[in-house]
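Asker: Got my_file22.cif for you, mmCIF, C-alpha atoms:
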```cif
data_run
#
loop_
_atom_site.label_atom_id
_atom_site.label_comp_id
_atom_site.auth_asym_id
_atom_site.auth_seq_id
_atom_site.Cartn_x
_atom_site.Cartn_y
_atom_site.Cartn_z
CA MET H 1 195.37 210.88 85.31
CA ASN H 2 199.05 209.97 85.06
CA PRO H 3 200.17 208.22 81.86
CA VAL H 4 200.38 204.43 82.11
CA THR H 5 201.73 201.67 79.90
CA ARG H 6 199.08 199.57 78.19
CA ALA H 7 199.44 196.25 76.31
CA VAL H 8 197.68 197.06 73.04
CA PRO H 9 196.72 194.52 70.33
CA CYS H 10 198.53 195.34 67.09
CA GLY H 11 198.48 192.15 65.00
CA ILE H 12 196.52 188.89 64.90
CA GLY H 13 196.36 185.74 62.79
CA HIS H 14 195.19 182.14 62.87
CA TYR H 15 195.70 178.82 61.16
CA LEU H 16 193.48 175.77 60.75
CA PRO H 17 194.67 172.42 59.37
CA GLU H 18 193.46 171.51 55.90
CA ARG H 19 191.46 168.44 56.91
CA VAL H 20 187.86 169.24 57.84
CA VAL H 21 185.96 166.53 59.74
CA GLU H 22 182.18 166.79 59.59
CA ASN H 23 180.05 165.25 62.35
CA ALA H 24 178.81 162.57 59.97
CA GLU H 25 182.30 161.02 59.82
CA PHE H 26 181.87 159.76 63.39
CA GLU H 27 178.70 157.83 62.56
CA ALA H 28 180.67 154.96 61.00
CA SER H 29 182.61 154.16 64.20
CA LEU H 30 180.49 155.52 67.07
CA ASP H 31 176.93 155.32 68.32
CA THR H 32 176.33 158.97 67.49
CA SER H 33 174.90 161.20 64.79
CA ASP H 34 175.26 164.66 63.35
CA GLU H 35 171.98 165.66 65.04
CA TRP H 36 173.10 164.33 68.45
CA ILE H 37 176.38 166.29 68.33
CA ARG H 38 174.80 169.52 67.04
CA THR H 39 171.97 169.46 69.58
CA ARG H 40 174.22 168.93 72.59
CA THR H 41 177.26 171.00 71.62
CA GLY H 42 176.55 173.24 68.63
CA ILE H 43 179.54 171.68 66.85
CA GLU H 44 179.13 170.87 63.15
CA ARG H 45 182.72 170.26 62.08
CA ARG H 46 186.30 170.58 63.22
CA HIS H 47 189.83 170.53 61.73
CA PHE H 48 192.38 167.78 62.38
CA ALA H 49 196.10 168.15 61.81
CA ALA H 50 197.74 165.97 59.19
CA PRO H 51 199.93 163.14 60.55
CA SER H 52 203.03 165.16 59.71
CA GLU H 53 201.74 168.39 61.30
CA THR H 54 202.78 169.29 64.84
CA THR H 55 201.63 171.94 67.27
CA THR H 56 204.73 173.89 66.29
CA ASP H 57 203.66 173.88 62.64
CA LEU H 58 200.20 175.21 63.47
CA ALA H 59 201.59 177.87 65.82
CA LEU H 60 204.21 178.95 63.31
CA ALA H 61 201.62 179.48 60.58
CA ALA H 62 199.45 181.58 62.91
CA ALA H 63 202.49 183.55 64.10
CA ARG H 64 203.52 184.43 60.55
CA ARG H 65 200.01 185.70 59.81
CA ALA H 66 199.99 187.82 62.96
CA LEU H 67 203.33 189.36 61.98
CA GLU H 68 202.01 190.11 58.51
CA ASP H 69 198.82 191.62 59.94
CA GLY H 70 200.82 193.91 62.22
CA GLY H 71 203.48 194.78 59.64
CA PHE H 72 206.26 193.35 61.79
CA GLY H 73 209.34 191.21 61.24
CA PRO H 74 210.45 188.42 63.60
CA ASP H 75 213.02 190.61 65.32
CA ASP H 76 210.39 193.23 66.15
CA ILE H 77 209.10 190.76 68.76
CA ASP H 78 210.72 190.67 72.20
CA ALA H 79 209.02 187.56 73.53
CA ILE H 80 206.75 184.67 72.62
CA VAL H 81 204.33 183.18 75.16
CA LEU H 82 202.74 180.01 73.82
CA ALA H 83 199.79 178.33 75.51
CA THR H 84 199.36 174.63 74.80
CA SER H 85 198.50 171.31 76.44
CA THR H 86 199.72 169.34 73.43
CA PRO H 87 203.35 170.43 73.01
CA THR H 88 205.39 169.16 70.09
CA SER H 89 208.06 167.82 72.47
CA THR H 90 208.41 167.20 76.17
CA PHE H 91 211.15 169.80 75.83
CA PRO H 92 212.33 172.16 74.49
CA SER H 93 209.23 174.34 74.65
CA THR H 94 207.04 174.67 71.60
CA ALA H 95 207.54 178.44 71.91
CA THR H 96 211.28 178.18 71.33
CA GLN H 97 210.62 175.96 68.31
CA VAL H 98 208.34 178.66 66.91
CA GLN H 99 211.01 181.25 67.71
CA ALA H 100 213.51 179.25 65.65
CA GLY H 101 211.02 178.71 62.82
CA LEU H 102 210.41 182.45 62.56
CA GLY H 103 214.15 183.13 62.43
CA MET H 104 213.89 185.21 65.61
CA ARG H 105 217.38 185.32 67.12
CA ARG H 106 216.70 187.73 69.99
CA GLY H 107 214.37 187.94 72.95
CA PHE H 108 212.93 184.88 74.69
CA ALA H 109 210.14 182.34 74.40
CA PHE H 110 208.35 179.96 76.76
CA ASP H 111 205.20 177.83 77.09
CA VAL H 112 202.34 178.17 79.57
CA GLN H 113 199.94 175.36 80.43
CA ALA H 114 196.45 176.14 81.70
CA VAL H 115 194.56 173.96 79.20
CA CYS H 116 191.53 175.79 77.73
CA ALA H 117 192.28 178.88 79.84
CA GLY H 118 195.87 178.91 78.59
CA PHE H 119 195.50 181.87 76.24
CA ILE H 120 194.00 183.99 79.03
CA PHE H 121 196.94 183.11 81.28
CA GLY H 122 199.31 183.80 78.37
CA MET H 123 197.81 187.24 77.85
CA ALA H 124 198.17 187.95 81.57
CA SER H 125 201.86 186.96 81.41
CA ALA H 126 202.45 189.16 78.36
CA HIS H 127 200.66 192.08 80.01
CA ALA H 128 202.82 191.77 83.13
CA MET H 129 206.02 191.79 81.07
CA ILE H 130 204.89 194.80 79.04
CA VAL H 131 203.74 197.01 81.93
CA SER H 132 206.88 196.14 83.94
CA GLY H 133 209.16 197.09 81.04
CA GLN H 134 210.52 193.56 80.57
CA ALA H 135 209.34 193.53 76.95
CA ARG H 136 207.89 196.05 74.52
CA ARG H 137 206.20 193.69 72.08
CA VAL H 138 204.99 190.16 72.96
CA MET H 139 203.35 187.56 70.76
CA VAL H 140 200.84 185.36 72.60
CA ILE H 141 199.97 182.11 70.82
CA GLY H 142 197.40 179.43 71.56
CA ALA H 143 198.05 176.22 69.63
CA GLU H 144 196.75 172.67 70.03
CA THR H 145 196.66 169.25 68.38
CA PHE H 146 194.05 167.71 70.66
CA SER H 147 193.35 165.02 68.06
CA ARG H 148 196.52 163.32 69.38
CA ILE H 149 195.07 162.75 72.88
CA LEU H 150 191.51 161.67 72.08
CA ASP H 151 190.04 158.24 72.81
CA TRP H 152 188.21 157.47 69.56
CA SER H 153 185.92 154.98 71.33
CA ASP H 154 184.60 157.63 73.76
CA ARG H 155 181.75 159.45 72.02
CA ALA H 156 181.38 161.87 74.91
CA THR H 157 184.79 163.44 74.25
CA CYS H 158 186.23 162.60 70.84
CA VAL H 159 183.54 164.51 68.90
CA LEU H 160 184.16 167.73 70.84
CA PHE H 161 187.71 168.71 70.01
CA GLY H 162 189.69 170.04 67.07
CA ASP H 163 193.13 171.36 66.17
CA GLY H 164 194.22 174.90 65.35
CA ALA H 165 196.24 177.94 66.37
CA GLY H 166 195.85 181.67 66.87
CA ALA H 167 198.41 184.38 67.60
CA LEU H 168 198.01 187.90 69.01
CA ILE H 169 200.72 190.57 69.22
CA LEU H 170 200.56 192.97 72.16
CA GLU H 171 202.60 196.18 72.16
CA ALA H 172 203.49 198.73 74.83
CA GLN H 173 201.68 202.01 74.21
CA GLU H 174 200.98 204.95 76.49
CA GLY H 175 197.49 205.43 77.88
CA THR H 176 195.82 207.85 80.26
CA GLY H 177 194.99 205.20 82.86
CA GLY H 178 191.24 205.36 82.22
CA PRO H 179 188.81 202.79 80.82
CA GLU H 180 188.77 204.57 77.47
CA ASP H 181 192.40 203.51 76.82
CA ARG H 182 193.23 200.96 74.17
CA GLY H 183 194.82 197.73 75.37
CA ILE H 184 194.33 195.36 78.30
CA LEU H 185 192.27 197.09 80.99
CA GLY H 186 191.40 194.31 83.42
CA ILE H 187 192.49 190.73 84.18
CA ASP H 188 191.07 188.11 86.53
CA LEU H 189 192.68 184.66 87.05
CA HIS H 190 191.77 181.62 89.16
CA SER H 191 192.53 177.93 89.62
CA ASP H 192 191.41 175.16 91.97
CA GLY H 193 193.25 171.87 91.78
CA THR H 194 190.65 170.02 93.83
CA TYR H 195 188.54 169.82 90.66
CA ARG H 196 191.25 167.95 88.73
CA GLY H 197 189.01 164.94 88.13
CA LEU H 198 186.47 166.88 86.06
CA LEU H 199 188.80 167.28 83.06
CA TYR H 200 192.20 165.64 82.75
CA VAL H 201 194.46 163.41 80.67
CA ASP H 202 195.14 159.95 82.11
CA GLY H 203 198.82 159.89 81.18
CA GLY H 204 202.03 161.86 81.52
CA VAL H 205 205.79 161.73 81.39
CA SER H 206 206.26 161.24 85.13
CA SER H 207 203.22 159.03 85.80
CA THR H 208 202.76 156.64 82.86
CA GLN H 209 205.45 157.64 80.36
CA THR H 210 202.65 158.02 77.79
CA ALA H 211 200.66 160.94 76.43
CA GLY H 212 197.40 159.41 77.72
CA PHE H 213 193.82 160.19 76.71
CA LEU H 214 191.49 163.03 77.59
CA ARG H 215 188.84 162.24 80.23
CA MET H 216 185.94 164.47 81.20
CA GLN H 217 182.91 164.58 83.49
CA GLY H 218 180.80 166.70 81.19
CA PRO H 219 177.64 167.48 83.22
CA GLU H 220 179.56 168.47 86.36
CA LEU H 221 182.04 170.54 84.35
CA PHE H 222 179.15 172.36 82.65
CA LYS H 223 177.78 173.57 85.99
CA HIS H 224 181.16 174.91 87.11
CA ALA H 225 181.86 176.50 83.73
CA VAL H 226 178.80 178.74 83.53
CA VAL H 227 179.08 180.11 87.07
CA LYS H 228 182.85 180.57 87.07
CA LEU H 229 183.00 182.14 83.60
CA ALA H 230 180.32 184.71 84.42
CA GLU H 231 181.99 185.58 87.73
CA THR H 232 185.48 185.97 86.28
CA ALA H 233 184.17 188.04 83.35
CA ASP H 234 182.40 190.41 85.76
CA ALA H 235 185.56 190.64 87.87
CA ALA H 236 187.79 191.51 84.89
CA LEU H 237 185.34 194.24 83.86
CA ALA H 238 185.22 195.58 87.42
CA ARG H 239 189.02 195.83 87.49
CA ALA H 240 188.75 197.88 84.30
CA GLY H 241 186.11 200.13 85.87
CA LEU H 242 183.48 198.91 83.41
CA GLU H 243 180.25 196.91 83.30
CA SER H 244 178.90 194.36 80.84
CA GLY H 245 176.78 196.95 79.06
CA ALA H 246 179.98 198.56 77.76
CA VAL H 247 181.17 195.37 76.05
CA ASP H 248 181.12 195.38 72.26
CA TRP H 249 182.14 191.74 71.86
CA VAL H 250 182.44 188.75 74.16
CA VAL H 251 184.98 186.24 72.83
CA PRO H 252 184.47 183.12 74.97
CA HIS H 253 186.34 179.86 75.03
CA GLN H 254 184.60 177.83 72.34
CA ALA H 255 183.75 174.61 74.19
CA ASN H 256 180.01 174.17 73.90
CA LEU H 257 177.28 176.43 72.51
CA ARG H 258 175.07 175.82 75.55
CA ILE H 259 177.84 177.02 77.90
CA ILE H 260 178.40 180.08 75.70
CA ARG H 261 174.70 180.97 75.69
CA SER H 262 174.23 180.38 79.42
CA THR H 263 177.28 182.49 80.30
CA ALA H 264 176.15 185.34 78.02
CA GLN H 265 172.73 185.25 79.69
CA LYS H 266 174.30 185.51 83.14
CA LEU H 267 176.40 188.45 81.96
CA GLY H 268 173.38 190.15 80.42
CA VAL H 269 175.04 190.28 77.00
CA PRO H 270 172.89 189.42 73.95
CA MET H 271 174.16 186.65 71.67
CA GLU H 272 174.41 189.21 68.86
CA ARG H 273 177.49 190.53 70.68
CA VAL H 274 179.10 187.12 71.26
CA VAL H 275 181.65 185.73 68.80
CA VAL H 276 180.81 182.07 68.14
CA THR H 277 183.04 179.79 66.06
CA VAL H 278 182.48 176.47 67.88
CA GLN H 279 180.29 175.23 65.02
CA ASP H 280 183.27 175.28 62.62
CA HIS H 281 186.24 174.59 64.91
CA GLY H 282 184.99 172.48 67.82
CA ASN H 283 186.88 172.94 71.08
CA THR H 284 190.48 173.84 70.24
CA SER H 285 191.42 174.41 73.89
CA ALA H 286 194.05 177.17 74.26
CA ALA H 287 193.67 178.05 70.57
CA SER H 288 189.93 178.71 70.70
CA ILE H 289 189.95 182.32 71.93
CA PRO H 290 192.66 183.66 69.58
CA LEU H 291 191.08 181.72 66.71
CA ALA H 292 187.71 183.33 67.38
CA MET H 293 189.31 186.75 67.84
CA SER H 294 191.19 186.44 64.57
CA VAL H 295 188.09 185.34 62.65
CA ALA H 296 186.05 188.23 64.07
CA ARG H 297 188.83 190.72 63.36
CA ALA H 298 189.23 189.44 59.79
CA ASP H 299 185.50 189.66 58.98
CA GLY H 300 185.24 193.19 60.35
CA ARG H 301 183.29 192.55 63.54
CA ILE H 302 186.06 193.51 65.96
CA ARG H 303 187.21 197.06 65.20
CA LYS H 304 189.72 199.49 66.67
CA GLY H 305 188.43 201.12 69.84
CA GLN H 306 185.90 198.40 70.68
CA LEU H 307 185.79 196.73 74.09
CA VAL H 308 186.42 192.97 73.90
CA LEU H 309 185.85 190.57 76.80
CA ALA H 310 187.60 187.19 76.58
CA GLU H 311 186.96 184.40 79.08
CA GLY H 312 187.86 180.73 79.36
CA ILE H 313 187.92 177.72 81.68
CA GLY H 314 189.88 174.48 81.39
CA GLY H 315 191.37 171.55 83.21
CA GLY H 316 192.88 172.28 86.58
CA LEU H 317 190.37 173.70 86.97
CA ALA H 318 191.83 176.98 85.73
CA TRP H 319 189.76 179.93 84.59
CA GLY H 320 190.00 183.64 83.94
CA ALA H 321 189.03 186.64 81.84
CA VAL H 322 190.61 189.63 80.13
CA ALA H 323 188.93 192.91 79.23
CA LEU H 324 190.74 194.83 76.49
CA ARG H 325 190.01 197.68 74.15
CA TRP H 326 191.14 196.91 70.60
#
```
Would you kindly transcribe this structure into structure tokens?
Answerer:
Amino acid sequence: MNPVTRAVPCGIGHYLPERVVENAEFEASLDTSDEWIRTRTGIERRHFAAPSETTTDLALAAARRALEDGGFGPDDIDAIVLATSTPTSTFPSTATQVQAGLGMRRGFAFDVQAVCAGFIFGMASAHAMIVSGQARRVMVIGAETFSRILDWSDRATCVLFGDGAGALILEAQEGTGGPEDRGILGIDLHSDGTYRGLLYVDGGVSSTQTAGFLRMQGPELFKHAVVKLAETADAALARAGLESGAVDWVVPHQANLRIIRSTAQKLGVPMERVVVTVQDHGNTSAASIPLAMSVARADGRIRKGQLVLAEGIGGGLAWGAVALRW
């Protein structure tokens, strides 16, 4: 096989706000209970940003940890791709604010918006830039402060989400072109705007001049999620020339434990090989996959040479998967 350029993971980190909100806290203001939330979602707690904390702050903390993990300085990074649906400002991008916070005076930075699938789309963008020669080293960040767009009177949504950030550095390295290479091996992306009404925010700069609140049709979204996640995961593996039996770890979007279990069953992957953090983080949208990756890397589960399958679905609907060898 001819040598090819691969986008190889070489540094990862995450950050969670200090405030931890247990399920029981919602019992005082909502007709809900810890048991109700756990049974239906698997969530036990989540983190909420302090009033003074922004998405930029969370992303910056995760970015610094990823740099430290990889042994890099800010100017070793050529580009930052930041996935978020809760940007610090309408503009400039949160990515450029992170760039400034790191003291990175070269390269470029921009945001991507694909809601809970944002980190997958961000990885795809970074991969394209690396294999085309546009950049050698790209930091992909998922960062959210979803607590700022929740309707605290809606028990069906406000108990589900949390805040956090994760950052992954991808670097150009030479591979053989085979599935045994390290780095991103297969990508599959989709969207279908006709499903907008299943998960959306009822505000916006152009429409209402407000941030708005998150709205969701949970049961219908669940049905789409399981089918589409399993299909896109299989497709990403097929592009890599691999099957689900080769996967060491599935790192799914952490939305709901029932979705995670159902998708794993469809893929034929036992739960022992699925990274689950939803119980501690809730749904952190674009941050959930890098958060889970970082936790599993830090505790020794994800190791060099292992095949990792990441998949996510979010508002749009937008969904996709990435197969990579660590």
Asker: Which neighbours of Val227 (chain H) fall inside 10 Å, counting all atoms listed in the file, when residues of the same chain fewer than 2 positions from it are skipped, and could you give them as a list in words?
Answerer: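 My list of contacting residues is Phe222, Lys223, His224, Ala225, Leu229, Ala230, Glu231, Thr232, Ile259, Ser262, Thr263 and Lys266 of chain H.
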Asker: Residues of region 254-320 of chain H that have any atom at most 9 Å from an atom of region 161-180 of chain H: could you tabulate them with the shortest-distance atom pair and the distance in Å to one decimal, using all atoms listed in the file, ordered by chain and increasing number, as CSV?
Answerer:
```
residue,atom,partner,partner_atom,distance
H:Ala255,CA,H:Phe161,CA,8.2
H:His281,CA,H:Gly162,CA,6.1
H:Gly282,CA,H:Phe161,CA,5.1
H:Asn283,CA,H:Phe161,CA,4.4
H:Thr284,CA,H:Gly162,CA,5.0
H:Ser285,CA,H:Phe161,CA,7.8
H:Ala286,CA,H:Ala165,CA,8.2
H:Ala287,CA,H:Ala165,CA,4.9
H:Ser288,CA,H:Gly166,CA,7.6
H:Ile289,CA,H:Gly166,CA,7.8
H:Pro290,CA,H:Gly166,CA,4.6
H:Leu291,CA,H:Gly166,CA,4.8
H:Ala292,CA,H:Gly166,CA,8.3
H:Met293,CA,H:Gly166,CA,8.3
H:Ser294,CA,H:Gly166,CA,7.1
H:Gly305,CA,H:Glu180,CA,8.4
```
Asker: Suppose you want the space between CA of Ala318 (chain H) and CA of Ala114 (chain H); what is it in Å?
Answerer: 6.2 Å
Asker: Excluding Gln279 (chain H) and any residue of its chain fewer than 4 positions from it, enumerate the residues within 7 Å of it, using all atoms listed in the file, and give them as a PyMOL selection string.
Answerer: chain H and resi 42-45
Asker: Measuring between all atoms listed in the file, which one of H:Glu35, H:Asp78, H:Asp111, H:Glu53 shows the shortest distance to Arg148 (chain H)?
Answerer: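 Using all atoms listed in the file, the shortest distance to Arg148 (chain H) belongs to H:Glu53.
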Asker: Using only C-alpha atoms, determine which residues lie at most 7 Å from Ile184 (chain H), disregarding the query and same-chain residues fewer than 4 positions distant; provide the list as a PyMOL selection string.
Answerer: chain H and resi 6-8+323-325
